[in-house]
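Asker: Sharing upload-v3.cif here; it has mmCIF, C-alpha atoms.
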```cif
data_my_file
loop_
_atom_site.label_atom_id
_atom_site.label_comp_id
_atom_site.auth_asym_id
_atom_site.auth_seq_id
_atom_site.Cartn_x
_atom_site.Cartn_y
_atom_site.Cartn_z
CA MET A 213 0.00 0.00 0.00
CA ASP A 214 1.36 3.41 -1.02
CA PHE A 215 0.07 6.37 1.00
CA ALA A 216 2.31 8.97 -0.67
CA LEU A 217 0.86 11.73 -2.82
CA ASN A 218 2.28 11.71 -6.34
CA ASP A 219 3.69 14.80 -8.05
CA GLU A 220 0.48 15.46 -9.98
CA GLN A 221 -1.61 15.35 -6.81
CA LYS A 222 0.82 17.67 -5.03
CA MET A 223 0.58 20.10 -7.94
CA MET A 224 -3.23 20.03 -7.81
CA ILE A 225 -3.17 20.72 -4.08
CA ASP A 226 -0.75 23.62 -4.48
CA THR A 227 -2.83 25.12 -7.30
CA ILE A 228 -6.11 24.87 -5.38
CA ARG A 229 -4.63 26.17 -2.12
CA ARG A 230 -3.14 29.17 -3.89
CA PHE A 231 -6.41 29.87 -5.70
CA ILE A 232 -8.41 29.64 -2.47
CA ALA A 233 -5.96 31.87 -0.58
CA GLU A 234 -5.78 34.52 -3.32
CA GLU A 235 -9.27 34.49 -4.81
CA LEU A 236 -11.77 33.01 -2.35
CA GLN A 237 -10.73 33.60 1.24
CA PRO A 238 -10.62 37.41 0.74
CA LEU A 239 -14.37 37.20 -0.08
CA GLU A 240 -15.37 35.20 2.99
CA ASP A 241 -15.95 38.05 5.46
CA ALA A 242 -18.15 40.05 3.08
CA LEU A 243 -20.10 36.92 2.19
CA GLU A 244 -20.65 36.17 5.87
CA ASN A 245 -21.66 39.75 6.71
CA THR A 246 -24.02 40.32 3.78
CA GLY A 247 -25.22 36.77 3.17
CA ALA A 248 -24.77 37.25 -0.56
CA LEU A 249 -22.10 36.99 -3.25
CA PRO A 250 -22.16 39.80 -5.83
CA ASP A 251 -22.68 38.64 -9.42
CA ALA A 252 -19.41 40.24 -10.53
CA ASP A 253 -17.42 38.28 -7.96
CA ALA A 254 -19.24 35.06 -8.82
CA ARG A 255 -18.48 35.46 -12.52
CA ARG A 256 -14.85 36.38 -11.85
CA ILE A 257 -13.99 33.40 -9.64
CA HIS A 258 -15.90 31.08 -11.97
CA ALA A 259 -13.91 32.28 -14.98
CA LYS A 260 -10.57 32.04 -13.18
CA ALA A 261 -11.30 28.54 -11.89
CA ARG A 262 -12.25 27.41 -15.40
CA ASP A 263 -9.06 28.90 -16.83
CA LEU A 264 -7.07 26.84 -14.32
CA GLY A 265 -8.99 23.67 -15.18
CA LEU A 266 -10.60 23.51 -11.74
CA TYR A 267 -14.26 23.46 -12.82
CA ALA A 268 -16.30 20.23 -12.95
CA LEU A 269 -13.37 18.09 -11.88
CA ASN A 270 -15.65 15.06 -11.47
CA MET A 271 -16.83 15.08 -15.08
CA PRO A 272 -15.12 13.17 -17.96
CA ALA A 273 -12.36 14.99 -19.81
CA GLU A 274 -14.04 14.34 -23.18
CA LEU A 275 -16.95 16.50 -22.01
CA GLY A 276 -14.63 19.28 -20.85
CA GLY A 277 -14.43 18.22 -17.21
CA GLY A 278 -11.42 17.37 -15.10
CA GLY A 279 -11.60 13.64 -15.76
CA LEU A 280 -10.19 12.85 -12.31
CA SER A 281 -10.28 9.49 -10.57
CA ASN A 282 -12.32 9.30 -7.39
CA LEU A 283 -9.20 9.47 -5.25
CA ASP A 284 -7.77 12.46 -7.14
CA ARG A 285 -11.10 14.23 -6.85
CA ILE A 286 -11.20 13.57 -3.12
CA VAL A 287 -7.73 15.08 -2.72
CA CYS A 288 -9.08 18.23 -4.37
CA GLU A 289 -12.36 18.24 -2.43
CA GLU A 290 -10.43 18.20 0.83
CA GLN A 291 -8.77 21.44 -0.20
CA PHE A 292 -12.16 22.95 -1.09
CA GLY A 293 -13.05 22.54 2.58
CA HIS A 294 -10.65 25.38 3.39
CA THR A 295 -13.19 27.97 2.23
CA SER A 296 -16.92 28.77 2.32
CA ASP A 297 -19.59 26.59 0.73
CA MET A 298 -20.97 29.28 -1.57
CA LEU A 299 -17.52 30.15 -2.92
CA ILE A 300 -16.82 26.47 -3.62
CA ARG A 301 -20.04 26.22 -5.62
CA ARG A 302 -19.37 29.29 -7.75
CA ALA A 303 -15.69 28.62 -8.40
CA PHE A 304 -15.54 24.85 -8.81
CA GLY A 305 -19.09 23.94 -9.80
CA ASN A 306 -21.64 21.41 -8.63
CA VAL A 307 -22.16 19.10 -11.61
CA TYR A 308 -24.06 16.03 -10.47
CA GLU A 309 -23.17 12.54 -11.72
CA PRO A 310 -26.75 11.59 -12.74
CA LEU A 311 -26.34 14.00 -15.67
CA LEU A 312 -23.99 11.44 -17.20
CA HIS A 313 -27.13 9.45 -18.04
CA CYS A 314 -28.13 12.15 -20.54
CA LYS A 315 -28.51 10.91 -24.09
CA GLY A 316 -29.53 12.29 -27.47
CA GLU A 317 -30.69 15.90 -27.32
CA GLN A 318 -30.24 15.90 -23.52
CA VAL A 319 -26.48 16.03 -23.93
CA GLU A 320 -26.48 19.41 -25.69
CA ARG A 321 -29.46 20.75 -23.74
CA TRP A 322 -28.32 20.00 -20.20
CA LEU A 323 -25.14 17.92 -19.79
CA LYS A 324 -22.56 19.86 -21.81
CA PRO A 325 -23.75 23.32 -20.64
CA ALA A 326 -23.55 22.11 -17.03
CA VAL A 327 -19.98 20.86 -17.50
CA GLU A 328 -19.04 24.07 -19.30
CA GLY A 329 -20.57 26.12 -16.52
CA THR A 330 -22.94 28.01 -18.81
CA ARG A 331 -25.84 26.33 -16.99
CA THR A 332 -26.06 25.48 -13.30
CA CYS A 333 -28.22 22.78 -11.76
CA ALA A 334 -29.30 21.67 -8.30
CA ILE A 335 -30.54 18.27 -7.20
CA THR A 336 -33.92 18.24 -5.44
CA ILE A 337 -34.79 15.29 -3.25
CA THR A 338 -35.69 16.70 0.18
CA GLU A 339 -39.30 17.50 1.02
CA SER A 340 -40.97 18.62 4.23
CA GLY A 341 -41.98 15.01 4.91
CA ALA A 342 -38.96 13.31 3.35
CA GLY A 343 -35.53 14.21 4.67
CA SER A 344 -33.28 11.25 5.45
CA ASP A 345 -36.11 9.08 4.09
CA ALA A 346 -35.48 9.86 0.42
CA ALA A 347 -37.97 7.20 -0.68
CA GLY A 348 -40.78 8.95 1.19
CA ILE A 349 -41.26 11.76 -1.32
CA LYS A 350 -44.75 12.89 -2.34
CA THR A 351 -43.88 14.94 -5.45
CA ASN A 352 -45.28 13.05 -8.43
CA ALA A 353 -45.30 13.04 -12.23
CA LYS A 354 -48.15 11.51 -14.21
CA ARG A 355 -48.90 11.22 -17.91
CA ASN A 356 -51.70 13.48 -19.21
CA ALA A 357 -54.09 12.72 -22.06
CA GLU A 358 -51.49 13.87 -24.60
CA GLY A 359 -48.89 11.53 -23.08
CA ARG A 360 -46.78 14.30 -21.55
CA TRP A 361 -45.53 14.29 -17.98
CA VAL A 362 -47.29 16.59 -15.48
CA LEU A 363 -45.31 17.37 -12.33
CA ASN A 364 -46.91 18.28 -8.99
CA GLY A 365 -45.49 18.69 -5.51
CA SER A 366 -42.86 20.64 -3.64
CA LYS A 367 -39.26 20.49 -2.41
CA HIS A 368 -37.41 22.38 0.29
CA PHE A 369 -33.89 23.07 1.56
CA ILE A 370 -32.70 23.10 -2.07
CA SER A 371 -29.13 24.32 -1.99
CA ASP A 372 -28.03 26.72 -4.72
CA GLY A 373 -31.59 27.17 -5.95
CA ILE A 374 -31.20 30.88 -6.68
CA TRP A 375 -28.23 30.36 -8.97
CA SER A 376 -29.53 27.24 -10.70
CA ASP A 377 -31.46 27.46 -13.94
CA PHE A 378 -32.50 23.82 -14.00
CA PHE A 379 -33.11 21.13 -11.39
CA LEU A 380 -32.82 17.36 -11.10
CA VAL A 381 -36.20 16.57 -9.58
CA SER A 382 -37.06 13.20 -8.05
CA ALA A 383 -40.76 12.37 -8.42
CA LYS A 384 -43.01 9.37 -7.98
CA THR A 385 -44.14 7.97 -11.34
CA GLY A 386 -45.90 4.98 -9.82
CA GLU A 387 -46.99 3.61 -6.47
CA LYS A 388 -43.50 2.33 -5.69
CA GLU A 389 -41.61 3.96 -8.54
CA ILE A 390 -39.43 7.08 -8.53
CA SER A 391 -38.04 8.76 -11.63
CA MET A 392 -35.80 11.79 -12.12
CA PHE A 393 -36.55 14.77 -14.37
CA MET A 394 -34.55 17.77 -15.56
CA VAL A 395 -36.81 20.74 -14.97
CA ASP A 396 -35.94 24.19 -16.28
CA LYS A 397 -36.59 27.18 -14.09
CA GLY A 398 -39.30 29.43 -15.51
CA LEU A 399 -41.65 26.74 -16.79
CA PRO A 400 -45.37 27.55 -16.26
CA GLY A 401 -46.45 26.30 -12.85
CA PHE A 402 -42.90 26.15 -11.47
CA THR A 403 -42.59 28.61 -8.58
CA VAL A 404 -39.50 29.41 -6.54
CA GLY A 405 -40.41 30.01 -2.90
CA LYS A 406 -38.59 31.68 -0.04
CA ASP A 407 -34.93 31.28 0.82
CA GLN A 408 -34.93 29.39 4.13
CA ALA A 409 -32.37 31.18 6.31
CA MET A 410 -29.86 28.94 8.05
CA MET A 411 -27.75 29.09 11.20
CA GLY A 412 -24.59 28.62 9.18
CA ILE A 413 -23.19 28.37 5.63
CA ARG A 414 -24.39 31.88 4.97
CA GLY A 415 -24.59 32.93 1.35
CA THR A 416 -25.72 29.49 0.16
CA PRO A 417 -29.45 29.77 -0.60
CA HIS A 418 -31.82 27.00 0.48
CA LEU A 419 -35.05 27.42 -1.43
CA GLU A 420 -38.54 26.05 -1.47
CA LEU A 421 -39.72 24.88 -4.90
CA PHE A 422 -43.36 24.36 -5.92
CA PHE A 423 -44.63 22.44 -8.94
CA ASP A 424 -48.26 23.02 -9.92
CA ASN A 425 -49.18 21.05 -13.05
CA VAL A 426 -45.79 21.66 -14.64
CA VAL A 427 -45.93 20.06 -18.11
CA LEU A 428 -42.70 18.33 -19.15
CA ASP A 429 -41.68 16.90 -22.50
CA ASP A 430 -40.26 13.39 -22.83
CA ALA A 431 -36.70 14.67 -23.09
CA THR A 432 -36.81 15.80 -19.46
CA LEU A 433 -36.82 12.22 -18.15
CA LEU A 434 -33.28 11.42 -17.02
CA GLY A 435 -32.26 7.79 -17.48
CA GLU A 436 -35.07 5.26 -17.52
CA GLN A 437 -38.48 5.54 -15.91
CA GLY A 438 -38.27 4.12 -12.39
CA GLN A 439 -34.50 4.67 -12.19
CA GLY A 440 -34.79 7.90 -10.19
CA PHE A 441 -34.19 6.49 -6.71
CA LYS A 442 -31.07 4.68 -7.90
CA LEU A 443 -29.78 7.86 -9.54
CA ALA A 444 -30.52 9.91 -6.42
CA MET A 445 -28.80 7.45 -4.10
CA GLY A 446 -25.80 7.24 -6.41
CA ALA A 447 -25.53 11.02 -6.40
CA LEU A 448 -25.91 11.19 -2.62
CA ASN A 449 -23.17 8.60 -2.10
CA VAL A 450 -20.74 10.74 -4.09
CA VAL A 451 -21.87 13.87 -2.25
CA ARG A 452 -21.43 12.16 1.12
CA LEU A 453 -17.89 11.13 0.28
CA ALA A 454 -16.70 14.25 -1.54
CA GLN A 455 -18.75 17.24 -0.43
CA VAL A 456 -19.29 16.07 3.15
CA GLY A 457 -16.50 13.65 4.04
CA ALA A 458 -13.53 15.19 2.22
CA ARG A 459 -14.60 18.78 2.77
CA ALA A 460 -15.22 18.13 6.47
CA VAL A 461 -11.66 16.83 6.75
CA GLY A 462 -10.37 19.90 4.92
CA LYS A 463 -12.34 22.28 7.10
CA ALA A 464 -11.21 20.49 10.28
CA THR A 465 -7.61 20.69 9.02
CA HIS A 466 -7.95 24.44 8.44
CA VAL A 467 -9.46 25.03 11.90
CA CYS A 468 -6.90 22.80 13.63
CA GLU A 469 -4.04 24.78 12.12
CA LEU A 470 -5.56 28.01 13.39
CA MET A 471 -5.99 26.42 16.81
CA LEU A 472 -2.36 25.26 16.90
CA ASN A 473 -1.08 28.71 15.90
CA TYR A 474 -3.19 30.35 18.61
CA ALA A 475 -2.02 27.83 21.23
CA ASN A 476 1.56 28.69 20.33
CA ASP A 477 1.06 32.46 20.41
CA ARG A 478 -1.40 33.00 23.27
CA HIS A 479 0.10 33.32 26.76
CA GLN A 480 -1.59 33.10 30.14
CA PHE A 481 0.16 33.02 33.53
CA ASN A 482 3.44 33.74 31.69
CA THR A 483 3.06 30.46 29.79
CA ARG A 484 1.87 29.74 26.28
CA ILE A 485 -1.47 27.97 26.50
CA GLY A 486 -0.16 25.19 24.29
CA ASP A 487 1.89 24.04 27.29
CA PHE A 488 -1.23 23.45 29.37
CA GLN A 489 -1.98 19.72 29.44
CA MET A 490 -5.73 20.08 28.95
CA VAL A 491 -5.15 22.25 25.87
CA GLN A 492 -2.62 19.69 24.63
CA GLN A 493 -5.23 16.96 24.93
CA MET A 494 -7.63 18.94 22.74
CA LEU A 495 -4.89 19.50 20.18
CA ALA A 496 -3.76 15.88 20.19
CA ASP A 497 -7.30 14.50 19.89
CA SER A 498 -7.96 16.82 16.95
CA VAL A 499 -4.81 15.74 15.10
CA ILE A 500 -5.57 12.05 15.71
CA GLU A 501 -9.20 12.28 14.59
CA ILE A 502 -8.45 14.32 11.46
CA ASN A 503 -5.92 11.74 10.31
CA ALA A 504 -8.30 8.87 11.03
CA ALA A 505 -11.11 10.53 9.08
CA ARG A 506 -8.83 11.40 6.16
CA TRP A 507 -7.59 7.84 5.66
CA MET A 508 -11.14 6.53 5.84
CA VAL A 509 -12.14 9.03 3.11
CA TYR A 510 -9.18 8.02 0.95
CA HIS A 511 -9.90 4.32 1.41
CA ALA A 512 -13.54 4.72 0.33
CA ALA A 513 -12.44 6.67 -2.77
CA TRP A 514 -9.86 3.97 -3.58
CA MET A 515 -12.60 1.34 -3.32
CA LEU A 516 -14.73 3.22 -5.85
CA ASP A 517 -11.76 3.42 -8.22
CA GLN A 518 -11.38 -0.36 -7.93
CA GLY A 519 -15.03 -0.83 -8.89
CA LEU A 520 -15.90 -2.07 -5.39
CA ASP A 521 -19.12 -1.45 -3.49
CA ALA A 522 -18.25 1.24 -0.93
CA ARG A 523 -21.71 2.09 0.40
CA GLU A 524 -21.01 1.01 3.97
CA GLN A 525 -17.60 2.67 3.94
CA ILE A 526 -19.14 5.93 2.71
CA ALA A 527 -21.74 5.74 5.50
CA MET A 528 -18.86 5.37 7.97
CA VAL A 529 -17.09 8.33 6.38
CA LYS A 530 -20.23 10.46 6.65
CA VAL A 531 -20.47 9.80 10.39
CA LEU A 532 -16.79 10.01 11.31
CA ALA A 533 -15.82 13.03 9.17
CA ALA A 534 -18.90 15.06 10.13
CA GLU A 535 -18.52 14.37 13.83
CA THR A 536 -14.75 14.90 13.74
CA LEU A 537 -15.33 18.35 12.26
CA GLY A 538 -17.86 19.13 14.98
CA ARG A 539 -15.46 18.10 17.75
CA VAL A 540 -12.50 19.97 16.26
CA VAL A 541 -14.35 23.27 15.90
CA ASP A 542 -15.84 22.91 19.37
CA ARG A 543 -12.33 22.49 20.78
CA ALA A 544 -11.16 25.48 18.74
CA VAL A 545 -13.81 27.68 20.34
CA GLN A 546 -12.59 26.48 23.75
CA VAL A 547 -8.91 27.08 22.96
CA PHE A 548 -9.62 30.54 21.57
CA GLY A 549 -11.78 31.29 24.61
CA GLY A 550 -13.76 34.52 24.42
CA MET A 551 -12.27 35.32 21.01
CA GLY A 552 -13.56 32.00 19.72
CA PHE A 553 -17.08 33.13 20.55
CA CYS A 554 -16.54 36.58 19.04
CA LYS A 555 -17.46 37.46 15.46
CA GLU A 556 -14.17 39.33 15.11
CA LEU A 557 -12.55 35.97 14.30
CA PRO A 558 -13.92 33.28 11.95
CA ILE A 559 -13.91 30.52 14.59
CA GLU A 560 -17.54 31.11 15.61
CA ARG A 561 -18.51 30.95 11.92
CA TYR A 562 -16.75 27.62 11.50
CA TYR A 563 -18.59 26.37 14.60
CA ARG A 564 -21.97 27.30 13.09
CA ASP A 565 -21.08 25.99 9.65
CA ALA A 566 -19.95 22.63 11.03
CA ARG A 567 -23.23 21.74 12.72
CA ILE A 568 -25.12 20.92 9.51
CA TYR A 569 -22.60 18.23 8.51
CA ARG A 570 -24.20 15.80 10.96
CA ILE A 571 -27.62 16.40 9.38
CA PHE A 572 -27.57 16.90 5.62
CA ASP A 573 -27.26 14.00 3.17
CA GLY A 574 -28.46 11.59 5.84
CA THR A 575 -28.18 12.16 9.58
CA SER A 576 -25.52 10.46 11.67
CA GLU A 577 -28.25 8.39 13.27
CA ILE A 578 -29.53 7.07 9.94
CA HIS A 579 -26.03 6.14 8.80
CA ARG A 580 -25.29 4.41 12.08
CA SER A 581 -28.43 2.34 11.55
CA VAL A 582 -27.30 1.44 8.02
CA ILE A 583 -23.85 0.43 9.28
CA ALA A 584 -25.24 -1.64 12.15
CA LYS A 585 -27.69 -3.51 9.93
CA SER A 586 -24.93 -4.26 7.40
CA ALA A 587 -22.61 -5.45 10.18
CA LEU A 588 -25.30 -7.77 11.56
CA LYS A 589 -25.83 -9.18 8.08
CA LYS A 590 -22.26 -9.34 6.77
CA GLY A 591 -20.29 -9.75 9.96
CA ALA A 592 -16.58 -8.99 10.42
CA VAL A 593 -15.99 -8.31 6.73
CA LEU A 594 -16.86 -4.67 7.44
CA PHE A 595 -13.99 -4.19 9.88
CA ASP A 596 -11.56 -7.12 9.53
CA VAL A 597 -9.21 -6.85 6.53
CA ASN A 598 -8.62 -10.61 6.54
CA ARG A 599 -12.26 -11.53 5.97
#
```
Render the structure in this file as structure tokens.
Answerer:
Amino acid sequence: MDFALNDEQKMMIDTIRRFIAEELQPLEDALENTGALPDADARRIHAKARDLGLYALNMPAELGGGGLSNLDRIVCEEQFGHTSDMLIRRAFGNVYEPLLHCKGEQVERWLKPAVEGTRTCAITITESGAGSDAAGIKTNAKRNAEGRWVLNGSKHFISDGIWSDFFLVSAKTGEKEISMFMVDKGLPGFTVGKDQAMMGIRGTPHLELFFDNVVLDDATLLGEQGQGFKLAMGALNVVRLAQVGARAVGKATHVCELMLNYANDRHQFNTRIGDFQMVQQMLADSVIEINAARWMVYHAAWMLDQGLDAREQIAMVKVLAAETLGRVVDRAVQVFGGMGFCKELPIERYYRDARIYRIFDGTSEIHRSVIAKSALKKGAVLFDVNR
């Protein structure tokens, strides 16, 4: 087993870190204070990221994407965690893997523009009565007398809804059947509701969407009828590994470095606080847990690259990385003391931003249940390398 980063990976990391430090981090305070990213800044960072080949890294190179392996993408996603969610979305894109099922006219209409960044999409699964239970959606699509699909229902907590001009919408097309549709913003009967304000990740909109007899043509059906749940779960698995797991590790890494620097510089009782044993324990636990979470993320990505089923491993990543981030930022607030609770420093923002990681894309409790059920069924193979 080789755990060393190769030269190409090191170059990607250096490029992304420099871009984040020079282009994105200077925008963080204004984004946090205003809750919005000006259009001019969004266009500028998008253009610069594309020029550097940093947009749509998860998409095939023949479509204009980065063409990265899962492991290479994860290495990049960890670096994305060093900045704010909204800036990640605008600079590096959110192009969802289900779009790779586009065919015929769908390729030019939705897939290629999304990879190019001329169109932006959001995936819509969550409803007021269906959060972690993605199969419990009520939004539905039925054929009308002319044979066209008619979409009815609603979604909420839809990230990036303001910026997106089309949506991947999961809808019931039968009693026990879910399909996925590509729905353009602005269609008759499609209404964008309020932006649901959040405790953290300011600047990233979370919209309500309403569909009232929205008529869709056949080309809007993504993949095959009844394939929607599979597409949604496949997308969520990638999101859990990359946008939750890897980014949580990156964010925890960023916060831990700030905490270490402060522990070295801050003095109390004529002693740097880093020499206090209880502070040292918080630092040591953070370093240990970040490394543990990182290697679990890398292992799950490696499994995907080998064509292996990594669903249980990704569930483990979702729990460990999200909860590691929460513990690290909580310790950072404690080490920074009063300044950690003060808006003058970004620590309190990281604390608020971290809390959602244990909730979105499946709560920690749901993933623990999945892991436990798999362990009861499969046994030691989930944790013993010799099985």
Asker: Carefully work through the PyMOL selection byres ((chain A and resi 311) around 12) for this structure and note down the residues it includes, as a compact mmCIF listing (two decimals) with C-alpha atoms, keeping the file's coordinate frame.
Answerer:
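File written: expr-v2.txt
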```
# COMPACT_ATOMS: atom_id res chain seq x y z
CA ASN A 270 -15.65 15.06 -11.47
CA MET A 271 -16.83 15.08 -15.08
CA PRO A 272 -15.12 13.17 -17.96
CA LEU A 275 -16.95 16.50 -22.01
CA ASN A 306 -21.64 21.41 -8.63
CA VAL A 307 -22.16 19.10 -11.61
CA TYR A 308 -24.06 16.03 -10.47
CA GLU A 309 -23.17 12.54 -11.72
CA PRO A 310 -26.75 11.59 -12.74
CA LEU A 312 -23.99 11.44 -17.20
CA HIS A 313 -27.13 9.45 -18.04
CA CYS A 314 -28.13 12.15 -20.54
CA LYS A 315 -28.51 10.91 -24.09
CA GLN A 318 -30.24 15.90 -23.52
CA VAL A 319 -26.48 16.03 -23.93
CA GLU A 320 -26.48 19.41 -25.69
CA ARG A 321 -29.46 20.75 -23.74
CA TRP A 322 -28.32 20.00 -20.20
CA LEU A 323 -25.14 17.92 -19.79
CA LYS A 324 -22.56 19.86 -21.81
CA PRO A 325 -23.75 23.32 -20.64
CA ALA A 326 -23.55 22.11 -17.03
CA VAL A 327 -19.98 20.86 -17.50
CA THR A 332 -26.06 25.48 -13.30
CA CYS A 333 -28.22 22.78 -11.76
CA ALA A 334 -29.30 21.67 -8.30
CA ILE A 335 -30.54 18.27 -7.20
CA PHE A 378 -32.50 23.82 -14.00
CA PHE A 379 -33.11 21.13 -11.39
CA LEU A 380 -32.82 17.36 -11.10
CA VAL A 381 -36.20 16.57 -9.58
CA MET A 392 -35.80 11.79 -12.12
CA PHE A 393 -36.55 14.77 -14.37
CA MET A 394 -34.55 17.77 -15.56
CA THR A 432 -36.81 15.80 -19.46
CA LEU A 433 -36.82 12.22 -18.15
CA LEU A 434 -33.28 11.42 -17.02
CA GLY A 435 -32.26 7.79 -17.48
CA GLY A 440 -34.79 7.90 -10.19
CA LEU A 443 -29.78 7.86 -9.54
CA ALA A 444 -30.52 9.91 -6.42
CA GLY A 446 -25.80 7.24 -6.41
CA ALA A 447 -25.53 11.02 -6.40
```
Asker: Between CA of Leu428 (chain A) and CA of Thr338 (chain A), what is the distance, to one decimal in Å?
Answerer: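 Between these atoms lies a distance of 20.6 Å.
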Asker: Counting all atoms listed in the file, which residue out of A:Leu448, A:Ile390, A:Met494, A:Leu283 sits closest to Ala512 (chain A)?
Answerer: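 Once distances to Ala512 (chain A) are computed over all atoms listed in the file, the minimum belongs to A:Leu283.
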Asker: Which one is closest to Ala216 (chain A): A:Tyr563, A:Asp263, A:Asp407, A:Trp507? Count only C-alpha atoms.
Answerer: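 Smallest separation from Ala216 (chain A) among the options: A:Trp507.
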Asker: Need the shell around Lys388 (chain A): protein/DNA/RNA residues with any atom at most 12 Å away, counting all atoms listed in the file. Skip same-chain ones fewer than 4 positions apart. Format as number ranges by chain?
Answerer: A: 347-350, 352, 383-384, 437-441
Asker: Rounded to one decimal place, report the CA of Leu243 (chain A)-CA of Asp297 (chain A) distance in Å.
Answerer: 10.4 Å
Asker: Can you tell me, as a ChimeraX atom specification, which residues sit within 12 Å of (-17.8, 2.5, 0.2) in the file's frame, using all atoms listed in the file?
Answerer: /A:282,446,449-450,452-454,457,508-530,583,594
Asker: List the neighbours of Gly373 (chain A) out to 8 Å using all atoms listed in the file; skip same-chain residues closer than 6 positions along the sequence, and give me the result as a CSV table (one decimal) with C-alpha atoms, keeping the file's coordinate frame.
Answerer:
```csv
chain,number,residue,atom,x,y,z
A,334,ALA,CA,-29.3,21.7,-8.3
A,417,PRO,CA,-29.4,29.8,-0.6
A,418,HIS,CA,-31.8,27.0,0.5
A,419,LEU,CA,-35.0,27.4,-1.4
```
Asker: Please determine, counting all atoms listed in the file, which residue among A:Cys468, A:Val404, A:Leu264, A:Ala592 has the shortest atom-to-atom distance to Arg230 (chain A).
Answerer: A:Leu264
Asker: Once the PyMOL selection byres ((chain A and resi 501) around 9) has been applied to the shown file, what residues remain in the selection, as JSON, numbers by chain?
Answerer: {"A": [496, 497, 498, 499, 500, 502, 503, 504, 505, 506, 532, 533, 536, 537, 540]}
Asker: Determine, counting only C-alpha atoms, which protein, DNA and RNA residues have an atom within 8 Å of an atom of region 472-485 of chain A; residues of the same chain fewer than 6 positions away are not included. Present the result as a list of chain:residue names.
Answerer: A:Val491, A:Leu495, A:Val547, A:Phe548
Asker: Nearest to Ile225 (chain A) among A:Arg301, A:His294, A:His258, A:Arg360, with distances taken over only C-alpha atoms: which residue is it?
Answerer: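 Nearest to Ile225 (chain A): A:His294.
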Asker: Which residue out of A:Ile374, A:Leu217, A:Ile300, A:Ile232 has the minimum interatomic distance to Asp284 (chain A) when only C-alpha atoms are used?
Answerer: A:Leu217
Asker: Check what the PyMOL selection byres ((chain A and resi 552) around 12) selects in the file above and give those residues as number ranges by chain.
Answerer: A: 467, 470-471, 474, 541-551, 553-564
Asker: Mind writing the picked residues with C-alpha atoms as a CSV table (one decimal), keeping the file's coordinate frame?
Answerer:
```
chain,number,residue,atom,x,y,z
A,467,VAL,CA,-9.5,25.0,11.9
A,470,LEU,CA,-5.6,28.0,13.4
A,471,MET,CA,-6.0,26.4,16.8
A,474,TYR,CA,-3.2,30.4,18.6
A,541,VAL,CA,-14.4,23.3,15.9
A,542,ASP,CA,-15.8,22.9,19.4
A,543,ARG,CA,-12.3,22.5,20.8
A,544,ALA,CA,-11.2,25.5,18.7
A,545,VAL,CA,-13.8,27.7,20.3
A,546,GLN,CA,-12.6,26.5,23.8
A,547,VAL,CA,-8.9,27.1,23.0
A,548,PHE,CA,-9.6,30.5,21.6
A,549,GLY,CA,-11.8,31.3,24.6
A,550,GLY,CA,-13.8,34.5,24.4
A,551,MET,CA,-12.3,35.3,21.0
A,553,PHE,CA,-17.1,33.1,20.6
A,554,CYS,CA,-16.5,36.6,19.0
A,555,LYS,CA,-17.5,37.5,15.5
A,556,GLU,CA,-14.2,39.3,15.1
A,557,LEU,CA,-12.6,36.0,14.3
A,558,PRO,CA,-13.9,33.3,12.0
A,559,ILE,CA,-13.9,30.5,14.6
A,560,GLU,CA,-17.5,31.1,15.6
A,561,ARG,CA,-18.5,31.0,11.9
A,562,TYR,CA,-16.8,27.6,11.5
A,563,TYR,CA,-18.6,26.4,14.6
A,564,ARG,CA,-22.0,27.3,13.1
```
Asker: Take CA of Gly365 (chain A) and CA of Met410 (chain A) and report the distance between them in Å, one decimal.
Answerer: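 Straight-line distance from CA of Gly365 (chain A) to CA of Met410 (chain A) works out to 23.1 Å.
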